[in-house]
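Peer 1: Quick one: the structure is below, and I'll ask about it shortly.
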Amino acid sequence: MSSEESSQSPAEADTGVVDRPPLRSLLFVPGTRTDWLPKARAAGADAAILDLEDAVPTADKLAAGAQVADALARAAAMSAEQAGRMALFVRVNPLDDWAGAEDLRAVVRPGLAGIVLPKVHSVQDVKLADRLLGWCEQEQGLPPGRVALVPLLETARGLREAYDIARATSRIAYMGALSAPGGDVERAVGYRWSPEGTETVALRSRVLLDARAAGAPCPVSGLWTRVGDLPGLRAFAEQNRSLGYEGMMAIHPSHVPVINEVFSPSSAELARCAELIAAVESAQREGTGAVTFQGEMVDEAMARTARLVLERHGA
């Protein structure tokens, strides 16, 4: 075995691709309040992000890590009925020193769906995380690449290098642009946030295109920090959905139902997909490639899109 081969982590050596399910809503929960997880499930969150970074004071980080590890162990021991469909992620501290590596070692275990990595500057940050995750998976007896990696692009360089970051490892998923007011991204880029989000549309669009071009699945965006402004949240979520995002991160349980509704097709949309497919297939049986459907010209390309919608959301 060459020195290059022997230096590979288990995740780097594995060529398999792990299926990452679409997630409409990913709700942040402070690592010190794992007792709030039942509220997150009750709200209908597709995923909870147990936060060991900004939501936890420095003095409480060690205790929060232990709480999160315990919550993951309990989730892994639950039956499918008890756990529900809510996936568990952990936002660790930046991998600037061994403390960040210890975060990973503490939380990578059965029950963990993915790691949210903050303050990503470059491909090197992602490659380091991928390598450490590979060794943690090996230590826990988990299949290589099982744990997803969600890089948070909170620096100007990270946003600029989104395509390369998204291609750095096959475990990357749910990557997108977050553009909350007053946070790291606003400080890094210098925009002035508005509820309409017009100043960040180009940024969110470009990062989304980078993620899609790199093949990173299920891109998500966010955040909406006005807790009581549900109409504003809906408008922002609909804008993200129109751009092509598949979900959003959230900071409050009351936001989850709105986000889930926006990122789920309605019964009328599902019915239209089924009817469109039937119309195209009927035309194909008659030797016609395209057909007029509800006043629009449609063909196999539109039918493929409709099939994907039904595959993901249909009965």
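Residue numbers start at 1 in each chain; chains themselves are named A, B, ... in the order of the structure tokens; ligands are numbered from 1 in the order shown.
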Quick one: residues within 12 Å of Arg109 in chain A, only C-alpha atoms counted, chain neighbours fewer than 5 positions away excluded, as a ChimeraX atom specification?
Peer 2: /A:68-77,88-90,103-104,114-115,133-143,146-147
Peer 1: From a DSSP pass on the backbone, collect the residues of range 212-265 of chain A flagged as strand (DSSP E) and hand them back as a PyMOL selection string.
Peer 2: chain A and resi 220-221+247-250
Peer 1: Grab the residues selected above and save them as an mmCIF file, in the first residue's frame with C-alpha atoms.
Peer 2:
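Dumped everything to selection13.cif:
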```
data_model
loop_
_atom_site.group_PDB
_atom_site.id
_atom_site.type_symbol
_atom_site.label_atom_id
_atom_site.label_comp_id
_atom_site.auth_asym_id
_atom_site.auth_seq_id
_atom_site.Cartn_x
_atom_site.Cartn_y
_atom_site.Cartn_z
ATOM 1 C CA VAL A 220 -31.373 24.366 2.362
ATOM 2 C CA SER A 221 -31.333 28.059 3.208
ATOM 3 C CA GLY A 247 -35.827 23.485 2.881
ATOM 4 C CA MET A 248 -34.838 26.041 5.505
ATOM 5 C CA MET A 249 -33.140 26.186 8.855
ATOM 6 C CA ALA A 250 -35.270 27.646 11.649
#
```
Peer 1: Got a sec: who's within 12 Å of Ala235 in chain A, counting only C-alpha atoms, leaving out chain neighbours fewer than 6 positions off, as a compact mmCIF listing (two decimals) with N, CA, C and O atoms, in the first residue's frame?
Peer 2:
```txt
# COMPACT_ATOMS: atom_id res chain seq x y z
N PRO A 195 -36.40 42.67 5.11
CA PRO A 195 -37.34 41.54 5.14
C PRO A 195 -37.62 40.96 3.76
O PRO A 195 -37.89 39.78 3.63
N GLU A 196 -37.53 41.80 2.73
CA GLU A 196 -37.79 41.32 1.37
C GLU A 196 -36.67 40.45 0.83
O GLU A 196 -36.87 39.65 -0.09
N GLY A 197 -35.47 40.59 1.38
CA GLY A 197 -34.34 39.75 0.98
C GLY A 197 -33.77 40.05 -0.38
O GLY A 197 -32.99 39.26 -0.90
N THR A 198 -34.12 41.20 -0.97
CA THR A 198 -33.65 41.49 -2.33
C THR A 198 -32.13 41.61 -2.39
O THR A 198 -31.52 41.29 -3.42
N TRP A 224 -34.80 32.96 9.33
CA TRP A 224 -35.72 34.05 9.60
C TRP A 224 -35.75 34.24 11.11
O TRP A 224 -36.16 33.36 11.85
N ASP A 229 -43.15 37.13 13.34
CA ASP A 229 -43.55 37.59 12.00
C ASP A 229 -43.70 36.39 11.06
O ASP A 229 -42.85 36.14 10.21
N ARG A 241 -37.92 28.85 -1.87
CA ARG A 241 -38.46 27.72 -2.63
C ARG A 241 -38.46 28.04 -4.12
O ARG A 241 -38.14 27.17 -4.95
N SER A 242 -38.82 29.27 -4.47
CA SER A 242 -38.83 29.65 -5.88
C SER A 242 -37.43 29.62 -6.49
O SER A 242 -37.27 29.31 -7.67
N VAL A 258 -44.99 26.50 9.06
CA VAL A 258 -45.00 27.37 7.88
C VAL A 258 -43.98 26.88 6.87
O VAL A 258 -44.27 26.75 5.66
N ILE A 259 -42.77 26.60 7.34
CA ILE A 259 -41.71 26.13 6.44
C ILE A 259 -42.10 24.81 5.79
O ILE A 259 -41.93 24.62 4.58
N VAL A 262 -44.65 25.42 3.02
CA VAL A 262 -44.10 26.06 1.82
C VAL A 262 -43.29 25.07 1.00
O VAL A 262 -43.36 25.06 -0.24
```
Peer 1: Let's see if you can do this: from backbone DSSP, list all helix (DSSP H, G or I) residues in range 115-147 of chain A, as a compact mmCIF listing (two decimals) with C-alpha atoms, in the first residue's frame.
Peer 2:
```txt
# COMPACT_ATOMS: atom_id res chain seq x y z
CA VAL A 123 -11.98 23.28 1.06
CA GLN A 124 -9.28 22.50 3.63
CA ASP A 125 -11.77 22.99 6.49
CA VAL A 126 -14.11 20.47 4.91
CA LYS A 127 -11.38 17.94 4.15
CA LEU A 128 -10.21 18.08 7.78
CA ALA A 129 -13.77 17.54 9.03
CA ASP A 130 -14.27 14.68 6.57
CA ARG A 131 -11.08 13.00 7.74
CA LEU A 132 -11.95 13.33 11.42
CA LEU A 133 -15.49 12.10 10.79
CA GLY A 134 -14.12 9.06 9.01
CA TRP A 135 -12.02 8.08 11.99
CA CYS A 136 -14.91 8.73 14.40
CA GLU A 137 -17.18 6.52 12.28
CA GLN A 138 -14.57 3.78 12.36
CA GLU A 139 -14.25 4.10 16.14
CA GLN A 140 -18.02 3.81 16.57
```
Peer 1: When distances are computed from only C-alpha atoms, which of A:Gly65, A:Pro30, A:Pro118, A:Pro57 shows the smallest separation from Glu102 in chain A?
Peer 2: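 Checking each of A:Gly65, A:Pro30, A:Pro118, A:Pro57 against Glu102 in chain A, counting only C-alpha atoms, the winner is A:Gly65.
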Peer 1: Would you please work out which residue, of A:Val280, A:Leu37, A:Leu209, A:Ala59, is nearest to Gly176 in chain A when using only C-alpha atoms?
Peer 2: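 Looking only at the distances to Gly176 in chain A, the closest residue turns out to be A:Leu209.
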Peer 1: Quick one: of A:Leu223, A:Leu50, A:Ile165, A:Leu270, who's nearest to Ile251 in chain A, counting only C-alpha atoms?
Peer 2: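 The answer is A:Leu223, which sits nearest to Ile251 in chain A.
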Peer 1: Quick one: residues within 12 Å of Ser266 in chain A, only C-alpha atoms, excluding same-chain residues fewer than 4 positions away - as a list in words?
Peer 2: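 The filter keeps Asn260, Glu261, Val262, Leu270, Ala271, Arg272, Cys273, Val309, Leu310, His313 and Gly314 of chain A.
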Peer 1: Which one of A:Gly31, A:Gly215, A:Pro231, A:Pro144 sits closest to Tyr163 in chain A if you count only C-alpha atoms?
Peer 2: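 Going through A:Gly31, A:Gly215, A:Pro231, A:Pro144 one by one, the smallest distance to Tyr163 in chain A is for A:Gly215.
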Peer 1: Would you work out the distance separating CA of Pro94 in chain A from CA of Val120 in chain A, expressed in Å to one decimal?
Peer 2: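 These two atoms are separated by 7.9 Å.
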